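Asker: Dumping the structure here so I can ask a few things about it.
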Amino acid sequence: MVDNPPLALLASFVVLIVVGAAALSLPFATDAEHPGLLDALFLSTSAATVTGLASFDIAALSLYGELVVLALIQVGGFGIMTIGTVIGIVTARRLGIRQRVLARAEIGGIEFGEVRSLVTAILRITVLMEVINALVLAVAIIAANGRSVVNGLYEGLFLSVSAFNNAGITIQPDGLTAFRSNVVVIIATSAAIIFGGLGFPVIIELARRRRPARWSLHTKLVLLSSAVLFALGPLVVAAFEWTNPDTLGPLDTGDKALASWFQGVSPRTAGFNTVDIGAMNEPTLLVVIALMFIGAGPASTGGGIRITTFAVLGFVLWSVVRGDPDTHAFGRRIPHAVVRQAIAVVLLSIAAVVGTTLALLAWTDFGLTATLFEATSAFGTVGLTTGITDRLPAVAHLLLVALMLTGRVGPITVVAALALREQPRLYQYPEERPIVG
């Protein structure tokens with residue numbers, strides 16, 4: 001298994017989910033009637049894959065149950081960040097010298113012998129960000145709700161860990177709705193979501209190389225694409241929801257802007273909400289589905305097909321429009337192997353989401369928008385829902401469990417497997433062009 005990083009990654013998540021489900025199955029995991037083994041498995045998968053979907057009210061969890069969920073979020077988030085980055089290094093070891101040099105450049109100049117220091121750096125960054133954010137959130141929560149210092153610190157820590165790991169799970173009964181007018185809570189949570197979604201190769205490179213001219217192509221693609229989506233997402237939400245009486249309509253101008261910003265950022269795999277997602281207009285839901293599918297940066301706490309995959313295909317399209325046989329970005333040529341990997345990831349991801357949507361349509365009475373939204377949210381490890389999660393049948397919950405796990409490890413597994421299998425062909429077939437379009 002050590003020689004097969006994708007299989008090791010999948011196995012580690014399965015073990016974590018099983019252990020978490022066993023812990024949540026104990027009678028004292030909830031203060032009310034225990035929801036059952038399947039619900040425990042669903043919540044364990046959701047927390048370990050930092051998704052945020054739940055088949056029962058999380059507010060029913062006891063302190064023990066909340067701590068189990070918090071541990072699953074932290075281990076799942078830290079583990080995927082570490083493993084996702086290290087897999088790039090392990091995969092590079094299996095390639096030739098030239099490929100290793102290119103791979104090292106793409107992950108931010110990290111040397112192959114730096115695995116231990118890399119994990120240490122990730123741990124330090126994680127702890128530092130979560131502690132600072134927790135203190136800020138705790139002060140804001142105590143000031144806003146009159147919580148005791150102990151309760152405020154606990155709620156701030158839980159929200160900080162959940163936000164940084166893009167889990168979207170809160171212990172407040174109404175999520176973050178009560179804080180939608182609280183600038184400090186919303187901005188601090190947004191910052192944690194954004195920072196956690198960049199990916200540690202990007203964060204480490206930004207710390208080492210302050211000049212943009214020295215940034216790798218990977219970092220430039222992540223930052224540019226993220227900036228574009230962080231601008232478009234809130235603008236689209238504001239445009240379609242500004243007068244919706246069930247979402248932004250009743251709020252004043254400042255609160256509308258704040259809620260639009262947060263709901264435009266959160267779909268990038270975080271899954272928090274300050275308005276009723278199920279009450280959103282159809283155009284807004286379509287845009288949110290697209291944001292959830294794209295996701296965050298590679299080797300980050302986020303999911304989706306990853307922002308770099310989306311960016312690569314964007315530059316491929318631009319090259320085709322320009323008639324350029326090669327794909328270029330920021331003065332660099334993107335290898336054809338990377339383009340093929342991006343296409344494979346997108347097509348397989350579409351197949352997973354569409355297949356799950358078809359199954360949900362067949363097994364339930366919910367419409368296309370609700371089922372597509374639920375499937376994309378599970379695959380993108382987002383956690384947003386239109387309100388149908390707890391109303392789905394058991395077989396649908398099991399399917400979503402598999403999809404959450406697929407969405408968390410799938411893109412990394414596919415890319416790593418393709419990279420390890422790639423080998424030069426000693427011969428070529430005659431070329432013939434089919435009719436396209």
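All residue names refer to the structure tokens as shown: chains lettered A, B, ... in order, residues numbered from 1 in each chain, ligands numbered from 1 in order.
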For the alpha helix (DSSP H) assignment from backbone DSSP, which residues of range 166-380 of chain A qualify? Please present them as a PyMOL selection string.
Answerer: chain A and resi 183-198+200-208+217-241+253-265+282-294+307-322+336-363+368-379
Asker: Considering only C-alpha atoms, return as a list in words whatever protein or nucleic-acid residues lie within 12 Å of Val183 in chain A, sequence-local ones (same chain, fewer than 5 positions apart) excluded.
Answerer: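 Everything that qualifies: Val136, Leu137, Ala140, Ile141, Ala144, Leu176, Ala178, Ala188, Thr189, Ser190, Ala191, Gly254, Asp255, Lys256, Ala257, Leu258, Ala259, Trp261 and Phe262 of chain A.
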Asker: Could those residues be written to a file, using N, CA and C atoms, as a compact mmCIF listing (two decimals), in the first residue's frame?
Answerer:
```txt
# COMPACT_ATOMS: atom_id res chain seq x y z
N VAL A 136 -10.51 35.52 17.77
CA VAL A 136 -11.30 36.61 17.19
C VAL A 136 -12.78 36.26 17.22
N LEU A 137 -13.11 35.04 16.80
CA LEU A 137 -14.51 34.61 16.77
C LEU A 137 -15.09 34.53 18.19
N ALA A 140 -16.04 37.96 19.38
CA ALA A 140 -17.24 38.44 18.68
C ALA A 140 -18.48 37.71 19.17
N ILE A 141 -18.39 36.40 19.39
CA ILE A 141 -19.55 35.62 19.85
C ILE A 141 -19.94 36.03 21.26
N ALA A 144 -21.60 39.41 21.08
CA ALA A 144 -22.89 39.43 20.39
C ALA A 144 -23.98 38.69 21.16
N LEU A 176 -25.12 29.86 10.85
CA LEU A 176 -24.58 31.21 11.04
C LEU A 176 -25.62 32.30 10.75
N ALA A 178 -27.76 33.64 12.65
CA ALA A 178 -27.80 34.65 13.72
C ALA A 178 -26.66 35.65 13.62
N ALA A 188 -14.10 37.06 9.58
CA ALA A 188 -13.15 36.10 10.13
C ALA A 188 -13.40 34.71 9.57
N THR A 189 -14.66 34.32 9.47
CA THR A 189 -15.00 33.00 8.91
C THR A 189 -14.63 32.95 7.43
N SER A 190 -14.90 34.02 6.70
CA SER A 190 -14.55 34.07 5.28
C SER A 190 -13.05 33.95 5.08
N ALA A 191 -12.28 34.65 5.92
CA ALA A 191 -10.82 34.60 5.81
C ALA A 191 -10.30 33.18 6.03
N GLY A 254 -26.47 47.19 3.91
CA GLY A 254 -25.21 46.67 4.42
C GLY A 254 -25.26 45.17 4.68
N ASP A 255 -26.36 44.70 5.26
CA ASP A 255 -26.49 43.27 5.53
C ASP A 255 -26.65 42.48 4.24
N LYS A 256 -27.31 43.07 3.25
CA LYS A 256 -27.42 42.40 1.95
C LYS A 256 -26.05 42.18 1.33
N ALA A 257 -25.23 43.22 1.38
CA ALA A 257 -23.88 43.13 0.81
C ALA A 257 -23.05 42.08 1.55
N LEU A 258 -23.16 42.06 2.88
CA LEU A 258 -22.40 41.11 3.68
C LEU A 258 -22.86 39.68 3.42
N ALA A 259 -24.18 39.49 3.35
CA ALA A 259 -24.72 38.15 3.08
C ALA A 259 -24.37 37.69 1.66
N TRP A 261 -21.72 38.58 -0.07
CA TRP A 261 -20.30 38.21 -0.05
C TRP A 261 -20.12 36.81 0.53
N PHE A 262 -20.75 36.55 1.67
CA PHE A 262 -20.53 35.27 2.34
C PHE A 262 -21.09 34.11 1.54
```
Asker: Using only C-alpha atoms for the distances, tell me which of A:Ala296, A:Ala370, A:Met129, A:Leu313 is nearest to Ile388 in chain A.
Answerer: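 Checking each of A:Ala296, A:Ala370, A:Met129, A:Leu313 against Ile388 in chain A, counting only C-alpha atoms, the winner is A:Ala370.
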Asker: Determine, counting only C-alpha atoms, which protein, DNA and RNA residues have an atom within 7 Å of an atom of Ala270 in chain A; residues of the same chain fewer than 2 positions away are not included. Present the result as a PyMOL selection string.
Answerer: chain A and resi 163+166-168+193+266-268+272+382
Asker: With N, CA and C atoms retained, could you export that selection as an mmCIF file, in the first residue's frame?
Answerer:
```cif
data_model
loop_
_atom_site.group_PDB
_atom_site.id
_atom_site.type_symbol
_atom_site.label_atom_id
_atom_site.label_comp_id
_atom_site.auth_asym_id
_atom_site.auth_seq_id
_atom_site.Cartn_x
_atom_site.Cartn_y
_atom_site.Cartn_z
ATOM 1 N N ALA A 163 -14.310 26.218 9.819
ATOM 2 C CA ALA A 163 -14.131 27.148 8.700
ATOM 3 C C ALA A 163 -12.798 26.935 8.004
ATOM 4 N N ASN A 166 -12.865 24.058 5.922
ATOM 5 C CA ASN A 166 -13.936 24.119 4.924
ATOM 6 C C ASN A 166 -14.999 23.052 5.159
ATOM 7 N N ALA A 167 -15.320 22.803 6.452
ATOM 8 C CA ALA A 167 -16.267 21.743 6.783
ATOM 9 C C ALA A 167 -17.707 22.214 6.756
ATOM 10 N N GLY A 168 -17.965 23.468 7.130
ATOM 11 C CA GLY A 168 -19.321 23.979 7.092
ATOM 12 C C GLY A 168 -20.231 23.467 8.191
ATOM 13 N N ILE A 193 -11.977 30.399 5.519
ATOM 14 C CA ILE A 193 -12.385 29.605 4.361
ATOM 15 C C ILE A 193 -11.430 29.818 3.190
ATOM 16 N N SER A 266 -18.775 31.020 0.406
ATOM 17 C CA SER A 266 -19.012 29.751 1.077
ATOM 18 C C SER A 266 -19.159 28.549 0.139
ATOM 19 N N PRO A 267 -19.787 28.674 -1.027
ATOM 20 C CA PRO A 267 -19.907 27.506 -1.906
ATOM 21 C C PRO A 267 -18.579 26.937 -2.395
ATOM 22 N N ARG A 268 -17.492 27.693 -2.238
ATOM 23 C CA ARG A 268 -16.186 27.150 -2.614
ATOM 24 C C ARG A 268 -15.762 26.097 -1.594
ATOM 25 N N PHE A 272 -21.135 26.898 4.715
ATOM 26 C CA PHE A 272 -21.886 27.681 5.698
ATOM 27 C C PHE A 272 -22.969 28.479 4.977
ATOM 28 N N VAL A 382 -19.034 20.170 0.091
ATOM 29 C CA VAL A 382 -19.450 21.519 0.460
ATOM 30 C C VAL A 382 -20.340 21.498 1.701
#
```
Asker: Go ahead and compute the interatomic distance for CA of Ile142 in chain A and CA of Gly156 in chain A, in Å to one decimal.
Answerer: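 Rounded to one decimal, the two atoms are 9.1 Å apart.
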Asker: When distances are computed from only C-alpha atoms, which of A:Val321, A:Ala238, A:Val18, A:Ala337 shows the smallest separation from Met280 in chain A?
Answerer: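 Among the listed residues, the smallest separation from Met280 in chain A belongs to A:Ala238.
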Asker: What's the separation between CA of Gly20 in chain A and CA of Ser44 in chain A, in Å to one decimal place?
Answerer: 5.2 Å
Asker: Find the spatial neighbours of Ala231 in chain A, counting only C-alpha atoms, within a cut-off of 9 Å - ignore same-chain residues fewer than 3 positions away - and output them as number ranges by chain.
Answerer: A: 226-228, 234-236, 261, 264-265
Asker: Kindly save the residues from that selection, with N, CA and C atoms included, as a PDB file, in the first residue's frame.
Answerer:
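Saved result, result29.pdb, follows:
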```
ATOM      1  N   SER A 226      -9.034  32.003  -8.146  1.00  0.00           N
ATOM      2  CA  SER A 226      -9.755  32.246  -6.900  1.00  0.00           C
ATOM      3  C   SER A 226     -10.266  33.677  -6.834  1.00  0.00           C
ATOM      4  N   ALA A 227      -9.422  34.630  -7.240  1.00  0.00           N
ATOM      5  CA  ALA A 227      -9.832  36.033  -7.220  1.00  0.00           C
ATOM      6  C   ALA A 227     -11.023  36.274  -8.133  1.00  0.00           C
ATOM      7  N   VAL A 228     -11.001  35.652  -9.308  1.00  0.00           N
ATOM      8  CA  VAL A 228     -12.113  35.823 -10.257  1.00  0.00           C
ATOM      9  C   VAL A 228     -13.406  35.262  -9.676  1.00  0.00           C
ATOM     10  N   PRO A 234     -20.137  36.482  -5.238  1.00  0.00           N
ATOM     11  CA  PRO A 234     -20.978  37.427  -4.497  1.00  0.00           C
ATOM     12  C   PRO A 234     -21.801  38.343  -5.402  1.00  0.00           C
ATOM     13  N   LEU A 235     -21.222  38.757  -6.539  1.00  0.00           N
ATOM     14  CA  LEU A 235     -21.962  39.629  -7.451  1.00  0.00           C
ATOM     15  C   LEU A 235     -23.202  38.928  -8.007  1.00  0.00           C
ATOM     16  N   VAL A 236     -23.055  37.659  -8.373  1.00  0.00           N
ATOM     17  CA  VAL A 236     -24.187  36.908  -8.911  1.00  0.00           C
ATOM     18  C   VAL A 236     -25.253  36.695  -7.841  1.00  0.00           C
ATOM     19  N   TRP A 261     -21.724  38.575  -0.069  1.00  0.00           N
ATOM     20  CA  TRP A 261     -20.301  38.211  -0.046  1.00  0.00           C
ATOM     21  C   TRP A 261     -20.122  36.809   0.526  1.00  0.00           C
ATOM     22  N   GLY A 264     -21.421  34.002  -1.588  1.00  0.00           N
ATOM     23  CA  GLY A 264     -20.629  33.838  -2.804  1.00  0.00           C
ATOM     24  C   GLY A 264     -19.304  33.150  -2.543  1.00  0.00           C
ATOM     25  N   VAL A 265     -18.807  33.255  -1.290  1.00  0.00           N
ATOM     26  CA  VAL A 265     -17.538  32.641  -0.902  1.00  0.00           C
ATOM     27  C   VAL A 265     -17.741  31.224  -0.382  1.00  0.00           C
TER      28      VAL A 265
END
```
Asker: I'd like the neighbourhood of Ala143 in chain A as a list in words, where a residue qualifies if any of its atoms comes within 12 Å (using only C-alpha atoms), though same-chain residues fewer than 6 positions away should be ignored.
Answerer: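 Returned residues: Val136, Leu137, Val149, Gly152, Leu153, Gly156, Phe179, Asn182, Val184 and Val185 of chain A.
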Asker: Keeping only C-alpha atoms, write the selected residues to a file as a short mmCIF file (atom, residue, chain, number, x, y, z; two decimals), in the first residue's frame.
Answerer:
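Output file result-v8.cif is given in full below:
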```cif
data_model
loop_
_atom_site.label_atom_id
_atom_site.label_comp_id
_atom_site.auth_asym_id
_atom_site.auth_seq_id
_atom_site.Cartn_x
_atom_site.Cartn_y
_atom_site.Cartn_z
CA VAL A 136 -11.30 36.61 17.19
CA LEU A 137 -14.51 34.61 16.77
CA VAL A 149 -15.96 33.02 28.37
CA GLY A 152 -17.53 31.60 23.78
CA LEU A 153 -14.04 30.12 23.46
CA GLY A 156 -15.16 30.14 18.55
CA PHE A 179 -24.44 36.19 12.76
CA ASN A 182 -21.95 40.49 12.46
CA VAL A 184 -16.37 40.36 12.57
CA VAL A 185 -17.78 36.81 12.53
#
```
Asker: Select, from A:Thr120, A:Thr381, A:Gln74, A:Thr369, the residue with the minimum atom-to-atom distance to Ser46 in chain A, counting only C-alpha atoms.
Answerer: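 Closest residue, counting only C-alpha atoms: A:Thr381.
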Asker: Identify which of the residues A:Thr371, A:Glu33, A:Leu223, A:Gly383 lies closest to Ser162 in chain A, counting only C-alpha atoms when measuring atom-to-atom distances.
Answerer: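 Closest to Ser162 in chain A, using only C-alpha atoms: A:Gly383.
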Asker: CA of Ala71 in chain A and CA of Leu399 in chain A are how many Å apart?
Answerer: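 Separation between CA of Ala71 in chain A and CA of Leu399 in chain A: 24.0 Å.
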Asker: Nearest residue to Thr45 in chain A out of A:His218, A:Arg408, A:Arg124, A:Arg340, using only C-alpha atoms?
Answerer: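 Comparing A:His218, A:Arg408, A:Arg124, A:Arg340 against Thr45 in chain A, the winner is A:Arg408.
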Asker: Looking at A:Ala342, A:Val75, A:Val68, A:Val50, which one is nearest to Thr269 in chain A, with distances taken over only C-alpha atoms?
Answerer: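 Selected residue with least distance to Thr269 in chain A: A:Val50.
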Asker: Quick one: residues within 12 Å of range 291-293 of chain A, only C-alpha atoms counted, chain neighbours fewer than 4 positions away excluded, as a PyMOL selection string?
Answerer: chain A and resi 51+166+225-226+228-234+236-237+263-271+284-287+302-307+309-310+345-347+349-350+352-354+372-385+407+411
